[in-house]
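Peer 1: Mind looking over this structure? Questions follow.
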Amino acid sequence: VVCRVPTKVRNMTDATDAASGPSAPAQAHESREAVTSLLGALAYAQLSGFGELAADAQRAPALEAKAVISGMATGIYRQFESVSERLVHLGASREAAMAPFVTAIDAFHARTAPSDWLEGLVKAYVGDGIARDFYAELVEYVDQPTKEFVLTLLQDNGQAQFISDTVRAAIAGDARVGGRLALWARRIMGEAVQQAQLVAGESDALTDLLMGGSR
């Protein structure tokens, strides 16, 4: 059984005195920078996730599974488009916003390339759970509209249940599969946590968010 373990990367700092803090224009600029970085990281995570799920669909052993996973990939791409539209609304370049995070996210996928259909599903399940926790933590320190947008976007629309049911059925059919997938899940978990840290490290604004929204 694959278990989702929430990952919180919170490092809270004491609030500084308002008199010694940055000016209102500086705070506004930092807020825009943080939101742009957050959405840029999320956008590229979704774009790359779409490609991963599309590959999983091609590995699916049955037509129904292929159709379901293809639908998941389509949903992820629609989310990517929603984030892209929000970036444009903020006056940001989609490509420029995503660019700082490409190396870290691509490296994660290169290190965790699945060898079969089931490993692809477990990677999607565990990686998605950790990503949800990571971005949910970041939006605690941005404006309310952005927070609501991201949290709504991250809602599970049933894909986790499909993956869980599919993996459970595979384990029931072959007990040896369970041990192999458990080891794989632990590896994905470690890699995903490292990736989240690397993504945050690519942007001072994201690092600030993880430290409680202040320098």
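Chain labels follow the order of the structure tokens: the first chain is A, the next B, and so on; residue numbering restarts at 1 in every chain, and ligands are counted from 1 in their shown order.
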List the neighbours of stretch 78-84 of chain A out to 12 Å using only C-alpha atoms; skip same-chain residues closer than 2 positions along the sequence, and give me the result as a PyMOL selection string.

Peer 2: chain A and resi 35-51+71-76+86-98+146+149-155

Peer 1: Hey, what does DSSP flag as alpha helix (DSSP H) within stretch 5-213 of chain A? Can you give it to me as number ranges by chain?

Peer 2: A: 24-59, 63-89, 94-98, 102-111, 117-138, 144-153, 159-173, 175-201, 204-210

Peer 1: Excluding stretch 190-200 of chain A and its own-chain neighbours fewer than 5 positions away, which residues fall within 8 Å of it when counting only C-alpha atoms? Please give them as a VMD selection string.

Peer 2: chain A and resid 7 41 101 104 to 105 108 112 127 130 to 131 134 206 to 207 210

Peer 1: Emit the selected residues as a CSV table (one decimal), in the first residue's frame, including all heavy atoms.

Peer 2:
```
chain,number,residue,atom,x,y,z
A,7,THR,N,4.6,16.6,3.5
A,7,THR,CA,5.9,17.1,3.7
A,7,THR,C,5.7,18.6,4.0
A,7,THR,O,5.3,19.3,3.1
A,7,THR,CB,6.7,16.9,2.4
A,7,THR,OG1,6.8,15.5,2.2
A,7,THR,CG2,8.1,17.5,2.6
A,41,ALA,N,7.0,28.3,-10.8
A,41,ALA,CA,7.4,26.9,-10.4
A,41,ALA,C,6.2,26.0,-10.6
A,41,ALA,O,6.4,24.8,-11.1
A,41,ALA,CB,7.8,27.0,-8.9
A,101,PHE,N,13.2,27.2,-12.8
A,101,PHE,CA,12.9,25.9,-12.1
A,101,PHE,C,13.0,24.7,-13.1
A,101,PHE,O,12.8,23.6,-12.6
A,101,PHE,CB,11.5,26.0,-11.6
A,101,PHE,CG,11.2,27.3,-10.8
A,101,PHE,CD1,10.5,28.3,-11.3
A,101,PHE,CD2,11.8,27.4,-9.5
A,101,PHE,CE1,10.3,29.5,-10.6
A,101,PHE,CE2,11.6,28.6,-8.8
A,101,PHE,CZ,10.9,29.6,-9.3
A,104,ALA,N,16.0,22.0,-12.0
A,104,ALA,CA,15.7,21.2,-10.8
A,104,ALA,C,14.6,20.2,-11.1
A,104,ALA,O,14.6,19.0,-10.7
A,104,ALA,CB,15.3,22.1,-9.6
A,105,ILE,N,13.5,20.6,-11.7
A,105,ILE,CA,12.4,19.7,-12.0
A,105,ILE,C,12.7,18.7,-13.0
A,105,ILE,O,12.4,17.5,-12.9
A,105,ILE,CB,11.1,20.5,-12.4
A,105,ILE,CG1,10.7,21.4,-11.3
A,105,ILE,CG2,10.0,19.6,-12.9
A,105,ILE,CD1,9.5,22.4,-11.6
A,108,PHE,N,14.8,16.0,-11.4
A,108,PHE,CA,14.0,15.1,-10.6
A,108,PHE,C,13.4,14.0,-11.5
A,108,PHE,O,13.5,12.8,-11.2
A,108,PHE,CB,12.9,15.8,-9.9
A,108,PHE,CG,11.8,15.0,-9.4
A,108,PHE,CD1,12.0,14.2,-8.2
A,108,PHE,CD2,10.6,14.9,-10.0
A,108,PHE,CE1,11.0,13.4,-7.7
A,108,PHE,CE2,9.6,14.1,-9.5
A,108,PHE,CZ,9.8,13.3,-8.4
A,112,THR,N,14.2,9.8,-11.5
A,112,THR,CA,13.1,9.0,-11.1
A,112,THR,C,12.3,8.4,-12.3
A,112,THR,O,11.1,8.2,-12.1
A,112,THR,CB,12.2,9.7,-10.1
A,112,THR,OG1,11.7,10.9,-10.8
A,112,THR,CG2,12.9,10.2,-8.9
A,127,GLY,N,4.6,11.7,-5.7
A,127,GLY,CA,5.1,13.1,-6.1
A,127,GLY,C,4.0,14.1,-6.0
A,127,GLY,O,4.2,15.2,-5.6
A,130,ILE,N,3.3,15.2,-2.3
A,130,ILE,CA,4.3,16.0,-1.7
A,130,ILE,C,4.3,17.4,-2.3
A,130,ILE,O,4.4,18.4,-1.7
A,130,ILE,CB,5.7,15.4,-1.9
A,130,ILE,CG1,5.8,14.2,-1.0
A,130,ILE,CG2,6.8,16.4,-1.5
A,130,ILE,CD1,7.1,13.4,-1.1
A,131,ALA,N,4.0,17.4,-3.6
A,131,ALA,CA,3.9,18.7,-4.3
A,131,ALA,C,2.7,19.5,-3.8
A,131,ALA,O,2.8,20.8,-3.6
A,131,ALA,CB,3.7,18.5,-5.8
A,134,PHE,N,3.8,21.0,-0.5
A,134,PHE,CA,4.8,22.1,-0.8
A,134,PHE,C,4.1,23.4,-1.2
A,134,PHE,O,4.4,24.4,-0.6
A,134,PHE,CB,5.8,21.6,-1.8
A,134,PHE,CG,6.8,22.6,-2.2
A,134,PHE,CD1,7.7,23.1,-1.4
A,134,PHE,CD2,6.8,23.1,-3.5
A,134,PHE,CE1,8.7,24.0,-1.7
A,134,PHE,CE2,7.7,24.0,-3.9
A,134,PHE,CZ,8.7,24.5,-3.0
A,206,LEU,N,10.8,32.6,-3.1
A,206,LEU,CA,10.2,31.4,-2.6
A,206,LEU,C,10.9,31.0,-1.3
A,206,LEU,O,10.2,30.5,-0.4
A,206,LEU,CB,10.4,30.2,-3.6
A,206,LEU,CG,9.6,30.3,-4.9
A,206,LEU,CD1,9.7,29.0,-5.7
A,206,LEU,CD2,8.1,30.6,-4.6
A,207,THR,N,12.2,31.2,-1.2
A,207,THR,CA,12.8,30.9,0.1
A,207,THR,C,12.2,31.7,1.2
A,207,THR,O,12.0,31.2,2.3
A,207,THR,CB,14.3,31.2,0.0
A,207,THR,OG1,14.9,30.4,-1.0
A,207,THR,CG2,15.1,30.9,1.3
A,210,LEU,N,9.0,30.3,2.4
A,210,LEU,CA,9.1,29.1,3.3
A,210,LEU,C,9.6,29.5,4.7
A,210,LEU,O,9.5,28.8,5.6
A,210,LEU,CB,10.1,28.1,2.7
A,210,LEU,CG,9.6,27.3,1.5
A,210,LEU,CD1,10.7,26.4,0.9
A,210,LEU,CD2,8.4,26.5,1.9
```

Peer 1: Which residues come within 8 Å of A:Trp117, counting only C-alpha atoms, excluding same-chain residues fewer than 5 positions away, as a list of chain:residue names?

Peer 2: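 So, after excluding close chain neighbours, the residues are A:Asp56, A:Arg59, A:Ala60, A:Pro61.
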
Peer 1: Compare A:Leu209, A:Ala107, A:Val142, A:Leu183 by their minimum atom-to-atom distance to A:Arg32, counting only C-alpha atoms, and give me the closest one.

Peer 2: A:Val142

Peer 1: What is the distance between atom CA of A:Ile163 and atom CA of A:Arg186, in Å to one decimal?

Peer 2: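 Taking atom CA of A:Ile163 and atom CA of A:Arg186, their separation equals 16.5 Å.
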
Peer 1: Could you pull the residues within 12 Å of A:Arg168, counting only C-alpha atoms, minus those fewer than 4 positions along the same chain, as a PyMOL selection string?

Peer 2: chain A and resi 1-3+118+121-122+161-164+172-175+177-178+181-182

Peer 1: Here is a test: counting only C-alpha atoms, which residue of A:Met211, A:Ser70, A:Ala55, A:Asn157 is nearest to A:Ser115?

Peer 2: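 The closest residue to A:Ser115 is A:Ala55.
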
Peer 1: Have a look at A:Ala185, A:Ala54, A:Arg180, A:Val139 and name the one nearest to A:Ala67; count only C-alpha atoms.

Peer 2: A:Ala54

Peer 1: State, in Å with one decimal place, the distance from atom CA of A:Asp106 to atom CA of A:Leu53.

Peer 2: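 Taking atom CA of A:Asp106 and atom CA of A:Leu53, their separation equals 14.4 Å.
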
Peer 1: For the atom pair atom CA of A:Ala34 and atom CA of A:Glu85, what is the interatomic distance in Å to one decimal place?

Peer 2: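 Spanning atom CA of A:Ala34 to atom CA of A:Glu85 is a straight-line distance of 16.9 Å.
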
Peer 1: Which one is closest to A:Tyr135: A:Ile69, A:Leu63, A:Glu148, A:Lys123? Count only C-alpha atoms.

Peer 2: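 Closest to A:Tyr135 of all the choices is A:Glu148.
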